[in-house]
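J.: Pasting run-v5.cif below, which is mmCIF, C-alpha atoms.
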```cif
data_start
loop_
_atom_site.label_atom_id
_atom_site.label_comp_id
_atom_site.auth_asym_id
_atom_site.auth_seq_id
_atom_site.Cartn_x
_atom_site.Cartn_y
_atom_site.Cartn_z
CA MET K 101 -13.68 0.34 20.71
CA ASN K 102 -16.34 1.97 22.91
CA ILE K 103 -16.88 5.74 23.20
CA LEU K 104 -15.15 5.96 26.59
CA GLN K 105 -11.98 4.42 25.21
CA GLU K 106 -11.79 7.10 22.52
CA PHE K 107 -10.72 9.62 25.20
CA ASP K 108 -8.36 7.45 27.23
CA THR K 109 -4.68 8.28 27.44
CA ILE K 110 -2.91 5.68 25.35
CA ALA K 111 0.69 4.47 25.12
CA ALA K 112 2.73 2.11 22.96
CA ILE K 113 6.24 1.35 21.79
CA ALA K 114 6.78 3.29 18.56
CA THR K 115 9.99 1.56 17.41
CA PRO K 116 10.61 -2.10 16.51
CA LEU K 117 11.42 -4.33 19.45
CA GLY K 118 14.97 -5.64 19.48
CA MET K 119 18.56 -4.54 19.92
CA GLY K 120 19.09 -0.94 18.82
CA GLY K 121 20.51 2.43 19.70
CA VAL K 122 17.20 4.08 20.62
CA GLY K 123 13.73 2.93 21.64
CA VAL K 124 10.70 5.25 21.65
CA ILE K 125 7.59 5.06 23.81
CA ARG K 126 4.73 7.34 22.75
CA ILE K 127 2.00 8.62 25.10
CA SER K 128 -1.07 10.53 23.84
CA GLY K 129 -4.04 11.92 25.71
CA GLU K 130 -5.22 14.26 28.41
CA LYS K 131 -3.11 12.59 31.12
CA ALA K 132 0.13 12.39 29.10
CA PHE K 133 1.94 15.08 31.11
CA GLU K 134 0.43 13.92 34.41
CA ILE K 135 1.88 10.45 33.77
CA ILE K 136 5.36 11.59 32.69
CA GLU K 137 5.63 13.89 35.73
CA LYS K 138 5.22 10.86 37.98
CA ILE K 139 8.10 8.91 36.42
CA PHE K 140 10.58 11.47 35.02
CA THR K 141 13.11 13.52 36.95
CA ASN K 142 13.11 16.66 34.76
CA THR K 143 9.57 17.97 34.18
CA ASN K 144 10.09 21.61 33.26
CA PHE K 145 8.60 21.05 29.81
CA GLU K 146 8.64 23.58 26.97
CA PRO K 147 7.17 23.03 23.49
CA ARG K 148 9.54 21.38 20.97
CA LYS K 149 12.43 21.14 23.46
CA PHE K 150 13.99 17.91 24.71
CA ASN K 151 14.32 17.32 28.45
CA HIS K 152 17.15 15.12 29.68
CA GLY K 153 16.71 13.04 32.83
CA TRP K 154 15.95 9.65 34.30
CA ILE K 155 12.86 7.45 34.17
CA VAL K 156 12.34 6.26 37.74
CA ASP K 157 10.02 3.86 39.55
CA ASN K 158 9.72 4.75 43.23
CA GLU K 159 13.14 6.44 43.08
CA ILE K 160 14.71 3.39 41.40
CA LYS K 161 16.39 4.50 38.17
CA ILE K 162 15.14 2.60 35.11
CA ASP K 163 16.99 4.38 32.28
CA GLU K 164 18.55 7.67 31.27
CA CYS K 165 16.28 9.22 28.65
CA LEU K 166 15.30 12.19 26.53
CA VAL K 167 11.66 13.28 26.67
CA LEU K 168 10.09 15.36 23.87
CA PRO K 169 6.78 17.09 24.73
CA PHE K 170 4.07 18.15 22.25
CA PHE K 171 1.26 20.31 23.54
CA ALA K 172 -2.23 20.01 22.05
CA PRO K 173 -3.25 20.76 19.37
CA ASN K 174 0.28 20.94 17.91
CA SER K 175 1.04 17.23 17.88
CA TYR K 176 0.63 14.24 15.60
CA THR K 177 -2.65 13.21 17.25
CA GLY K 178 -3.86 16.72 18.10
CA GLU K 179 -3.69 15.79 21.81
CA ASN K 180 -1.00 16.19 24.44
CA VAL K 181 1.78 13.85 23.35
CA VAL K 182 4.97 12.78 25.11
CA GLU K 183 7.70 10.75 23.42
CA ILE K 184 10.25 9.01 25.63
CA GLN K 185 13.52 8.22 23.87
CA CYS K 186 15.41 5.60 25.85
CA HIS K 187 18.18 3.12 25.09
CA GLY K 188 17.19 0.43 22.63
CA GLY K 189 16.68 -3.12 23.86
CA ILE K 190 13.64 -5.27 24.54
CA ASN K 191 13.67 -5.21 28.34
CA VAL K 192 14.33 -1.52 29.00
CA VAL K 193 11.67 -0.41 26.48
CA LYS K 194 9.09 -2.83 27.87
CA ASN K 195 9.89 -1.82 31.46
CA ILE K 196 9.25 1.86 30.68
CA LEU K 197 6.04 1.06 28.80
CA ASN K 198 4.77 -1.03 31.73
CA LEU K 199 5.58 1.86 34.08
CA VAL K 200 3.59 4.25 31.89
CA LEU K 201 0.64 1.84 31.83
CA LYS K 202 0.82 1.40 35.60
CA ASN K 203 0.55 5.16 36.06
CA GLY K 204 -2.66 5.72 34.13
CA ALA K 205 -2.35 4.97 30.41
CA ARG K 206 -3.78 2.03 28.54
CA MET K 207 -2.19 0.08 25.71
CA ALA K 208 -2.93 1.64 22.31
CA GLU K 209 -4.72 -0.43 19.71
CA LYS K 210 -3.48 -0.88 16.13
CA GLY K 211 -3.25 2.47 14.36
CA GLU K 212 -4.89 4.31 17.24
CA PHE K 213 -2.47 7.24 17.21
CA THR K 214 -3.19 7.87 13.52
CA LYS K 215 -6.91 7.27 14.09
CA ARG K 216 -6.88 10.03 16.70
CA ALA K 217 -5.05 12.28 14.25
CA PHE K 218 -7.90 11.68 11.80
CA LEU K 219 -10.65 12.17 14.39
CA ASN K 220 -8.99 15.39 15.55
CA LYS K 221 -8.82 16.72 11.94
CA ARG K 222 -5.02 16.56 11.79
CA LEU K 223 -5.28 14.28 8.74
CA ASP K 224 -8.04 13.36 6.34
CA LEU K 225 -8.66 9.67 5.68
CA SER K 226 -6.60 9.56 2.47
CA GLN K 227 -3.62 10.97 4.38
CA ALA K 228 -4.12 8.48 7.21
CA GLU K 229 -4.12 5.64 4.69
CA ALA K 230 -0.92 7.10 3.21
CA VAL K 231 0.75 6.63 6.60
CA ALA K 232 -0.05 2.91 6.43
CA ASP K 233 1.21 2.77 2.84
CA ILE K 234 4.53 4.34 3.84
CA ILE K 235 4.95 1.89 6.71
CA HIS K 236 4.13 -1.15 4.60
CA SER K 237 5.74 -0.04 1.31
CA LYS K 238 7.83 -2.82 -0.21
CA THR K 239 9.72 -0.59 -2.63
CA SER K 240 11.25 2.89 -2.66
CA ASN K 241 8.99 3.88 -5.58
CA PHE K 242 5.81 3.18 -3.63
CA ALA K 243 7.17 4.97 -0.56
CA THR K 244 7.97 8.02 -2.72
CA VAL K 245 4.45 8.24 -4.14
CA SER K 246 2.82 7.51 -0.77
CA VAL K 247 4.57 10.56 0.68
CA LYS K 248 2.77 12.65 -1.94
CA ASN K 249 -0.55 11.35 -0.60
CA LEU K 250 0.54 12.17 2.94
CA SER K 251 1.33 15.73 1.86
CA GLY K 252 -2.30 16.08 0.75
CA VAL K 253 -2.06 15.90 -3.06
CA LEU K 254 -4.89 13.35 -3.40
CA LYS K 255 -6.94 15.22 -0.79
CA GLU K 256 -6.60 18.47 -2.78
CA LYS K 257 -7.62 16.78 -6.04
CA ILE K 258 -10.68 15.19 -4.47
CA ASN K 259 -11.65 18.51 -2.88
CA GLU K 260 -11.38 20.20 -6.30
CA ILE K 261 -13.79 17.63 -7.76
CA ARG K 262 -16.06 17.89 -4.73
CA ASN K 263 -16.23 21.70 -5.01
CA GLU K 264 -17.25 21.42 -8.66
CA ILE K 265 -20.07 19.02 -7.75
CA PHE K 266 -21.12 21.19 -4.80
CA GLU K 267 -21.34 24.25 -7.04
CA VAL K 268 -23.68 22.43 -9.43
CA LEU K 269 -25.81 21.09 -6.57
CA SER K 270 -26.04 24.57 -5.01
CA ARG K 271 -27.35 26.08 -8.26
CA ILE K 272 -29.89 23.28 -8.71
CA THR K 273 -31.04 23.56 -5.09
CA ALA K 274 -31.35 27.36 -5.26
CA GLY K 275 -33.50 27.10 -8.39
CA ILE K 276 -35.76 24.51 -6.75
CA ASP K 277 -36.09 26.24 -3.35
CA PHE K 278 -36.32 29.83 -4.57
CA PRO K 279 -37.96 29.65 -8.01
CA GLU K 280 -39.18 33.26 -7.87
CA ASP K 281 -35.72 34.65 -7.24
CA VAL K 282 -33.35 32.17 -8.88
CA ALA K 283 -33.78 30.44 -12.23
CA GLU K 284 -32.91 26.76 -12.55
CA PRO K 285 -29.60 26.27 -14.35
CA GLU K 286 -29.74 25.57 -18.07
CA TYR K 287 -29.50 21.91 -19.02
CA SER K 288 -26.62 22.76 -21.34
CA TYR K 289 -24.75 24.06 -18.28
CA LEU K 290 -25.46 20.84 -16.34
CA ILE K 291 -24.33 18.66 -19.25
CA GLU K 292 -21.09 20.62 -19.64
CA LYS K 293 -20.33 20.50 -15.91
CA PHE K 294 -21.15 16.81 -15.51
CA GLU K 295 -18.99 15.87 -18.49
CA TYR K 296 -16.11 17.93 -17.10
CA ILE K 297 -16.37 16.43 -13.59
CA ILE K 298 -16.63 12.88 -14.95
CA ASN K 299 -13.49 13.56 -16.99
CA GLN K 300 -11.67 14.72 -13.82
CA ILE K 301 -12.71 11.54 -11.96
CA ASP K 302 -11.54 9.44 -14.91
CA LYS K 303 -8.11 11.11 -14.71
CA VAL K 304 -7.81 10.06 -11.07
CA LEU K 305 -9.00 6.53 -11.84
CA SER K 306 -6.68 6.24 -14.85
CA ASN K 307 -3.74 5.39 -12.59
CA ALA K 308 -5.70 2.79 -10.60
CA ASN K 309 -3.93 -0.15 -12.25
CA THR K 310 -0.52 1.45 -11.69
CA SER K 311 -1.45 2.18 -8.07
CA ASN K 312 -2.47 -1.43 -7.51
CA ILE K 313 0.75 -2.74 -9.08
CA LEU K 314 2.89 -0.42 -6.93
CA ARG K 315 1.02 -1.50 -3.80
CA GLN K 316 0.47 -5.22 -4.41
CA GLY K 317 3.23 -6.02 -6.89
CA VAL K 318 3.19 -8.78 -9.50
CA SER K 319 3.93 -12.49 -9.58
CA VAL K 320 6.65 -13.77 -11.93
CA ALA K 321 7.02 -17.54 -12.39
CA ILE K 322 10.17 -19.19 -13.75
CA VAL K 323 9.23 -22.33 -15.71
CA GLY K 324 10.94 -24.85 -17.95
CA LYS K 325 11.95 -28.47 -18.05
CA PRO K 326 14.40 -29.88 -15.47
CA ASN K 327 18.08 -28.80 -15.51
CA VAL K 328 17.72 -25.74 -17.74
CA GLY K 329 18.89 -23.45 -14.91
CA LYS K 330 15.63 -22.15 -13.39
CA SER K 331 16.91 -22.22 -9.81
CA SER K 332 20.23 -20.74 -10.88
CA LEU K 333 18.34 -17.89 -12.55
CA PHE K 334 16.19 -17.50 -9.42
CA ASN K 335 19.35 -17.11 -7.33
CA ALA K 336 20.98 -14.78 -9.87
CA LEU K 337 17.99 -12.42 -9.96
CA LEU K 338 17.91 -12.31 -6.15
CA SER K 339 21.71 -12.07 -5.84
CA LEU K 340 21.68 -14.78 -3.17
CA ASP K 341 21.80 -18.58 -2.92
CA ARG K 342 18.15 -19.14 -2.04
CA ALA K 343 17.37 -22.25 -4.10
CA ILE K 344 19.37 -25.51 -4.07
CA VAL K 345 21.15 -26.05 -7.39
CA THR K 346 22.43 -29.44 -8.60
CA ASP K 347 22.82 -31.24 -11.92
CA ILE K 348 20.27 -33.84 -10.77
CA ALA K 349 16.94 -33.58 -12.61
CA GLY K 350 14.04 -32.88 -10.27
CA THR K 351 16.07 -31.21 -7.49
CA THR K 352 13.39 -28.53 -6.99
CA ARG K 353 10.30 -30.28 -5.60
CA ASP K 354 8.37 -27.38 -4.09
CA VAL K 355 7.56 -23.80 -5.08
CA LEU K 356 10.00 -21.19 -3.73
CA LYS K 357 8.99 -17.53 -3.44
CA GLU K 358 11.02 -14.38 -2.74
CA THR K 359 10.36 -10.67 -3.23
CA LEU K 360 12.51 -8.75 -5.71
CA ASP K 361 12.52 -4.92 -5.76
CA LEU K 362 12.48 -3.69 -9.36
CA GLY K 363 10.77 -0.40 -8.52
CA ILE K 364 7.65 -2.48 -7.96
CA PRO K 365 7.48 -5.51 -5.66
CA VAL K 366 7.97 -8.66 -7.73
CA THR K 367 7.18 -12.02 -6.18
CA LEU K 368 9.66 -14.30 -7.92
CA VAL K 369 8.51 -17.94 -8.06
CA ASP K 370 10.93 -20.81 -8.68
CA THR K 371 9.10 -23.92 -9.82
CA ALA K 372 9.85 -27.61 -10.26
CA GLY K 373 10.94 -28.65 -13.74
CA ILE K 374 7.94 -29.69 -15.83
CA ARG K 375 8.24 -33.10 -17.47
CA GLY K 376 6.19 -36.21 -18.04
CA ILE K 377 6.50 -38.46 -15.01
CA ASN K 378 4.80 -41.53 -13.60
CA GLU K 379 3.22 -40.45 -10.31
CA ASN K 380 3.78 -43.93 -8.86
CA GLU K 381 7.52 -43.61 -9.52
CA ASN K 382 7.99 -40.27 -7.80
CA LYS K 383 4.88 -38.92 -6.12
CA VAL K 384 6.68 -35.95 -4.52
CA GLU K 385 8.08 -34.67 -7.81
CA ALA K 386 4.70 -35.19 -9.49
CA ILE K 387 3.06 -32.97 -6.88
CA GLY K 388 5.79 -30.37 -7.44
CA ILE K 389 5.09 -30.37 -11.18
CA GLU K 390 1.37 -29.76 -10.55
CA TYR K 391 2.35 -26.83 -8.30
CA SER K 392 4.50 -25.52 -11.16
CA LYS K 393 1.58 -25.56 -13.57
CA GLN K 394 -0.61 -23.83 -11.00
CA SER K 395 2.03 -21.12 -10.46
CA LEU K 396 2.31 -20.68 -14.22
CA ASN K 397 -1.44 -20.12 -14.54
CA GLU K 398 -1.56 -17.65 -11.64
CA ALA K 399 1.51 -15.59 -12.63
CA ASP K 400 1.29 -12.09 -14.11
CA LEU K 401 4.45 -12.81 -16.11
CA VAL K 402 6.18 -16.08 -16.99
CA LEU K 403 9.91 -16.51 -17.58
CA PHE K 404 10.21 -19.49 -19.93
CA VAL K 405 13.75 -20.89 -19.66
CA TYR K 406 15.47 -23.36 -21.98
CA ASP K 407 19.04 -24.60 -22.36
CA SER K 408 20.68 -22.70 -25.23
CA THR K 409 23.29 -25.46 -25.68
CA GLN K 410 20.52 -27.91 -26.55
CA GLY K 411 18.11 -25.58 -28.32
CA ILE K 412 14.34 -25.85 -28.00
CA GLN K 413 13.46 -29.53 -27.92
CA LYS K 414 10.13 -31.38 -27.87
CA GLU K 415 9.74 -31.10 -24.08
CA ASP K 416 10.46 -27.34 -24.25
CA LYS K 417 7.83 -26.88 -26.97
CA GLU K 418 5.22 -28.68 -24.88
CA ILE K 419 5.92 -26.33 -21.95
CA PHE K 420 5.96 -23.26 -24.21
CA ASP K 421 2.47 -24.21 -25.44
CA LEU K 422 1.32 -23.64 -21.85
CA VAL K 423 3.07 -20.25 -21.76
CA LYS K 424 2.63 -18.68 -25.19
CA ASP K 425 -0.78 -17.08 -24.54
CA LYS K 426 0.39 -15.43 -21.31
CA ASN K 427 2.59 -12.39 -20.78
CA HIS K 428 6.03 -14.02 -21.06
CA ILE K 429 9.74 -13.67 -21.76
CA VAL K 430 11.72 -16.38 -23.53
CA ILE K 431 15.11 -16.90 -21.88
CA ALA K 432 18.01 -18.93 -23.23
CA ASN K 433 20.34 -19.91 -20.39
CA LYS K 434 24.02 -20.98 -20.55
CA CYS K 435 24.88 -18.43 -23.23
CA ASP K 436 28.49 -18.45 -21.96
CA ILE K 437 28.98 -21.80 -23.71
CA CYS K 438 26.72 -21.22 -26.72
CA THR K 439 27.30 -18.77 -29.61
CA LYS K 440 24.10 -19.24 -31.61
CA ARG K 441 21.55 -16.47 -30.97
CA ASP K 442 17.92 -16.00 -32.03
CA THR K 443 15.81 -12.85 -32.00
CA ASP K 444 12.98 -12.33 -29.49
CA THR K 445 15.00 -14.24 -26.90
CA VAL K 446 16.90 -12.94 -23.88
CA TYR K 447 20.27 -14.68 -23.57
CA ILE K 448 21.77 -15.06 -20.11
CA SER K 449 24.26 -17.07 -18.13
CA ALA K 450 22.92 -17.66 -14.64
CA LEU K 451 26.39 -19.04 -13.80
CA THR K 452 28.46 -15.98 -14.82
CA GLY K 453 25.74 -13.31 -14.50
CA GLU K 454 25.97 -12.33 -18.16
CA GLY K 455 22.68 -10.81 -19.36
CA VAL K 456 21.00 -10.89 -15.93
CA GLN K 457 20.94 -7.10 -15.54
CA GLU K 458 19.51 -6.74 -19.05
CA LEU K 459 16.86 -9.33 -18.13
CA LYS K 460 15.88 -7.27 -15.07
CA GLN K 461 15.37 -4.23 -17.31
CA THR K 462 13.28 -6.24 -19.77
CA LEU K 463 11.31 -7.71 -16.89
CA THR K 464 10.55 -4.26 -15.48
CA GLN K 465 9.41 -2.93 -18.87
CA LYS K 466 7.29 -6.01 -19.47
CA VAL K 467 5.47 -5.83 -16.14
CA CYS K 468 5.04 -2.10 -15.60
CA ASP K 469 7.60 0.59 -16.32
CA ILE K 470 6.67 3.16 -13.66
CA GLU K 471 8.28 6.53 -13.06
CA PRO K 472 7.13 7.57 -9.56
CA GLU K 473 7.96 11.23 -10.22
CA ASN K 474 5.31 11.20 -12.98
CA LEU K 475 2.61 10.05 -10.55
CA ASP K 476 0.92 12.76 -8.49
CA PHE K 477 -0.71 10.26 -6.15
CA VAL K 478 -1.80 6.65 -5.74
CA THR K 479 -5.22 5.28 -4.85
CA ASN K 480 -6.25 2.10 -3.04
CA SER K 481 -9.20 -0.19 -3.74
CA ARG K 482 -11.44 1.58 -1.19
CA GLN K 483 -10.75 4.99 -2.71
CA GLN K 484 -11.23 3.63 -6.23
CA ALA K 485 -14.61 2.17 -5.22
CA CYS K 486 -15.71 5.55 -3.81
CA LEU K 487 -14.64 7.34 -6.99
CA SER K 488 -16.39 4.75 -9.15
CA ARG K 489 -19.63 5.23 -7.21
CA ALA K 490 -19.34 9.00 -7.55
CA ARG K 491 -18.80 8.62 -11.28
CA ALA K 492 -21.76 6.25 -11.67
CA SER K 493 -24.05 8.76 -9.92
CA LEU K 494 -22.82 11.56 -12.18
CA ASP K 495 -23.39 9.33 -15.22
CA GLN K 496 -27.02 9.05 -14.15
CA ALA K 497 -27.23 12.81 -13.62
CA LEU K 498 -25.74 13.41 -17.09
CA LEU K 499 -28.20 10.99 -18.69
CA ALA K 500 -31.10 12.71 -16.91
CA SER K 501 -29.84 16.14 -18.02
CA ASN K 502 -29.67 15.01 -21.63
CA ILE K 503 -33.39 14.12 -21.55
CA GLN K 504 -34.17 17.23 -19.44
CA GLU K 505 -35.45 15.31 -16.44
CA LEU K 506 -36.82 17.29 -13.46
CA GLN K 507 -33.88 18.90 -11.70
CA ASP K 508 -35.00 17.86 -8.22
CA LEU K 509 -34.59 14.26 -9.43
CA ILE K 510 -31.18 15.07 -10.93
CA SER K 511 -30.12 16.50 -7.59
CA ILE K 512 -30.56 13.09 -5.95
CA ASP K 513 -27.76 11.61 -8.08
CA VAL K 514 -25.60 14.68 -7.57
CA LYS K 515 -25.97 14.34 -3.78
CA ALA K 516 -25.08 10.64 -4.04
CA SER K 517 -21.83 11.52 -5.82
CA LEU K 518 -20.95 13.97 -3.04
CA LEU K 519 -21.59 11.34 -0.38
CA ALA K 520 -19.27 8.90 -2.17
CA LEU K 521 -16.44 11.47 -2.16
CA ASP K 522 -17.14 12.34 1.49
CA GLU K 523 -16.64 8.66 2.31
CA LEU K 524 -13.30 8.75 0.49
CA THR K 525 -11.97 11.67 2.54
CA GLY K 526 -13.62 10.52 5.77
CA GLU K 527 -16.18 13.33 6.09
CA LEU K 528 -18.79 10.58 6.07
CA ILE K 529 -17.57 7.25 7.40
CA THR K 530 -18.81 4.31 9.44
CA ASP K 531 -17.10 2.74 12.44
CA ASP K 532 -16.75 -0.57 10.59
CA ILE K 533 -14.85 1.07 7.72
CA LEU K 534 -12.63 2.98 10.16
CA ASP K 535 -11.86 -0.15 12.16
CA ASN K 536 -11.00 -2.05 8.98
CA ILE K 537 -8.62 0.69 7.80
CA PHE K 538 -6.75 1.19 11.07
CA ASP K 539 -6.59 -2.52 11.86
CA HIS K 540 -3.92 -2.74 9.14
CA PHE K 541 -1.64 -0.37 11.06
CA CYS K 542 0.99 -1.47 13.53
CA ILE K 543 0.62 -0.75 17.25
CA GLY K 544 2.48 2.47 18.05
CA LYS K 545 1.51 4.35 14.87
#
```
Let me see the structure of the file written as structure tokens.

T.:
Amino acid sequence: MNILQEFDTIAAIATPLGMGGVGVIRISGEKAFEIIEKIFTNTNFEPRKFNHGWIVDNEIKIDECLVLPFFAPNSYTGENVVEIQCHGGINVVKNILNLVLKNGARMAEKGEFTKRAFLNKRLDLSQAEAVADIIHSKTSNFATVSVKNLSGVLKEKINEIRNEIFEVLSRITAGIDFPEDVAEPEYSYLIEKFEYIINQIDKVLSNANTSNILRQGVSVAIVGKPNVGKSSLFNALLSLDRAIVTDIAGTTRDVLKETLDLGIPVTLVDTAGIRGINENENKVEAIGIEYSKQSLNEADLVLFVYDSTQGIQKEDKEIFDLVKDKNHIVIANKCDICTKRDTDTVYISALTGEGVQELKQTLTQKVCDIEPENLDFVTNSRQQACLSRARASLDQALLASNIQELQDLISIDVKASLLALDELTGELITDDILDNIFDHFCIGK
């Protein structure tokens, strides 16, 4: 985007296209009110009050609408913003958007409304990224924690750490620049402060793995020999008939994937039954078996399934040898027709549903038992990289303080840690990083 485009008046549809009760078109920029006055019949706008009227094109009525005005700087973007609430439906929403574009707006790019909110200091970068997290959240847990980021919890924590670093840098700088008036801080003070700040950064980074699991989810592969009930279990966990189930060995030929919400997004993978087979006899099934082994190797957790009516046989043991060194759960299916039970095994009946709910609980605990109310915030990979760089710089400053290095040299590492945190919050950011962040947004947000 060039510099002139930054100040254009932009417009986009802010609701999903399709049949619905209401559609929303959002306009933001200097000409927002000029545009709406050309196409709306009731233009006596007051802040935070809806106006009822008609959108018209050369006196031809397009739709009966409500228009909500926001006057700068009290809007989402910090600019003049107008939201048109019309009847839902693809054609009417598109017709109004085209009318807005014809009268002086241009089509917004991905995430451009939120980008303007960031550029106009309505949000810091961590809050802007939280907007994207809320939009794309696959589970209610992740949405709950992302709202905390949007409210500024992560921003406040980073600012606390930044203020601590800035205080140390100010004392070092004062001692260097005004040696006759201000003494350089004691090295014991620097060591104590650096250790404290590093500890605070470590506390933020300590939930990085949990954050990544909440955001990206985990992969869970269901494996076993043919006809032990893998596809039936797949369907039972999803509560829908997604996979074809028959009593014919080798029914599943390809890998099936679906997302299961267990508080974290779980990609459930149904695989072809693993067995020894002559590739020349059944090339398709042989390929499916290779896909199964690949899915097994790539999975974060493996559900190893066997037929409890038959017990663990030679073929089951050969498959378990592939599984035993990975994070796994042993599952005995068809427990409704088998009474013998072993420890360290989850017994289920994919046919009747017996034990499936208990399996879901075990699965959740095995992967990551997360209580979103116990998390103050989440971090993404970009934020974690910034924090890691800040920590590495402070490690160098701590090492230099321990050997009583010149404090003007120590200040270089302290400044580097500040710059890393400024990149996290967006105080210091490049256009490439901004474009990469907001390119993941939808148009209209």

J.: Which residues, written as a list in words, have at least one atom at most 12 Å from K:Leu219, with only C-alpha atoms counted and residues fewer than 6 positions away on the same chain left out?

T.: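 Those residues are Glu106, Phe107, Tyr176, Thr177, Gly178, Glu179, Glu212, Phe213, Leu225, Ala228, Thr525, Gly526, Glu527, Leu528, Ile529, Asp531 and Leu534 of chain K.
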
J.: Selection in question (the file shown): the PyMOL selection byres ((chain K and resi 370) around 9). Which residues does it include, as a PyMOL selection string?

T.: chain K and resi 320-323+330-331+333-334+343+352+354-358+368-369+371-372+392

J.: Please enumerate the residues selected by the PyMOL selection byres ((chain K and resi 168-175) around 9) when evaluated against the supplied file, formatted as a PDB file with C-alpha atoms, in the frame of the given file.

T.:
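And here is the file that came out, part.pdb:
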```
ATOM      1  CA  PHE K 133       1.940  15.080  31.110  1.00  0.00           C
ATOM      2  CA  PHE K 145       8.600  21.050  29.810  1.00  0.00           C
ATOM      3  CA  GLU K 146       8.640  23.580  26.970  1.00  0.00           C
ATOM      4  CA  PRO K 147       7.170  23.030  23.490  1.00  0.00           C
ATOM      5  CA  ARG K 148       9.540  21.380  20.970  1.00  0.00           C
ATOM      6  CA  LYS K 149      12.430  21.140  23.460  1.00  0.00           C
ATOM      7  CA  PHE K 150      13.990  17.910  24.710  1.00  0.00           C
ATOM      8  CA  ASN K 151      14.320  17.320  28.450  1.00  0.00           C
ATOM      9  CA  LEU K 166      15.300  12.190  26.530  1.00  0.00           C
ATOM     10  CA  VAL K 167      11.660  13.280  26.670  1.00  0.00           C
ATOM     11  CA  TYR K 176       0.630  14.240  15.600  1.00  0.00           C
ATOM     12  CA  THR K 177      -2.650  13.210  17.250  1.00  0.00           C
ATOM     13  CA  GLY K 178      -3.860  16.720  18.100  1.00  0.00           C
ATOM     14  CA  GLU K 179      -3.690  15.790  21.810  1.00  0.00           C
ATOM     15  CA  ASN K 180      -1.000  16.190  24.440  1.00  0.00           C
ATOM     16  CA  VAL K 181       1.780  13.850  23.350  1.00  0.00           C
ATOM     17  CA  VAL K 182       4.970  12.780  25.110  1.00  0.00           C
ATOM     18  CA  GLU K 183       7.700  10.750  23.420  1.00  0.00           C
ATOM     19  CA  ILE K 184      10.250   9.010  25.630  1.00  0.00           C
ATOM     20  CA  GLN K 185      13.520   8.220  23.870  1.00  0.00           C
ATOM     21  CA  ALA K 217      -5.050  12.280  14.250  1.00  0.00           C
ATOM     22  CA  ASN K 220      -8.990  15.390  15.550  1.00  0.00           C
ATOM     23  CA  ARG K 222      -5.020  16.560  11.790  1.00  0.00           C
TER      24      ARG K 222
END
```

J.: For K:Cys438, which residue among K:Thr409, K:Glu260, K:Leu459, K:Thr244 is the nearest when counting all atoms listed in the file?

T.: K:Thr409

J.: Evaluate the PyMOL selection byres ((chain K and resi 397) around 12) and record the selected residues as a PyMOL selection string, following the chain and residue labels used in the document.

T.: chain K and resi 319-323+390-396+398-402+422-428

J.: Of the candidates K:Phe266, K:Phe420, K:Phe218, K:Tyr406, which one gets nearest to K:Cys435 if we count all atoms listed in the file?

T.: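 Answer, going by the shortest atom-to-atom distance: K:Tyr406.
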
J.: From the set K:Asn335, K:Glu256, K:Phe541, K:Leu518, which residue has the shortest atom-to-atom contact distance to K:Val456, counting only C-alpha atoms?

T.: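 Going through K:Asn335, K:Glu256, K:Phe541, K:Leu518 one by one, the smallest distance to K:Val456 is for K:Asn335.
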
J.: Enter the distance from atom CA of K:Ile127 to atom CA of K:Val156, in Å, rounded to one decimal.

T.: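 Separation between atom CA of K:Ile127 and atom CA of K:Val156: 16.5 Å.
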
J.: Of the candidates K:Asn203, K:Asn191, K:Ser240, K:Asn198, which one gets nearest to K:Thr109 if we count only C-alpha atoms?

T.: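 Using only C-alpha atoms, the shortest distance to K:Thr109 belongs to K:Asn203.
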
J.: Which residue gives the smallest distance to K:Glu267 among K:Ala112, K:Leu519, K:Val514, K:Ala500, with all atoms listed in the file counted?

T.: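 Counting all atoms listed in the file, the residue closest to K:Glu267 is K:Val514.
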
J.: Could you check which of K:Leu254, K:Leu487, K:Val200, K:Leu362 is closest to K:Gly317, using all atoms listed in the file?

T.: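 Among the listed residues, the smallest separation from K:Gly317 belongs to K:Leu362.
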
J.: Could you name the residues that touch K:Ala243 at 12 Å or less, counting all atoms listed in the file, but leaving out those on the same chain fewer than 2 positions away, as a list in words?

T.: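 Those residues are Ala230, Val231, Ala232, Asp233, Ile234, Ile235, His236, Ser237, Lys238, Thr239, Ser240, Asn241, Val245, Ser246, Val247, Lys248, Asn249, Leu250, Ser311, Leu314, Arg315, Gly363, Ile364, Pro365, Pro472, Glu473, Phe477 and Val478 of chain K.
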
J.: Can you work out the spacing between atom CA of K:Lys325 and atom CA of K:Asp361 in Å, to one decimal?

T.: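 So the answer is 26.6 Å.
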
J.: Residues at most 9 Å from K:Ile162, counting only C-alpha atoms, excluding those fewer than 5 positions away in the same chain, as a PyMOL selection string?

T.: chain K and resi 154-157+192+195-196

J.: Any chance you could export the current selection's C-alpha atoms as a PDB file, in the frame of the given file?

T.:
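File again30.pdb, as written:
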```pdb
ATOM      1  CA  TRP K 154      15.950   9.650  34.300  1.00  0.00           C
ATOM      2  CA  ILE K 155      12.860   7.450  34.170  1.00  0.00           C
ATOM      3  CA  VAL K 156      12.340   6.260  37.740  1.00  0.00           C
ATOM      4  CA  ASP K 157      10.020   3.860  39.550  1.00  0.00           C
ATOM      5  CA  VAL K 192      14.330  -1.520  29.000  1.00  0.00           C
ATOM      6  CA  ASN K 195       9.890  -1.820  31.460  1.00  0.00           C
ATOM      7  CA  ILE K 196       9.250   1.860  30.680  1.00  0.00           C
TER       8      ILE K 196
END
```
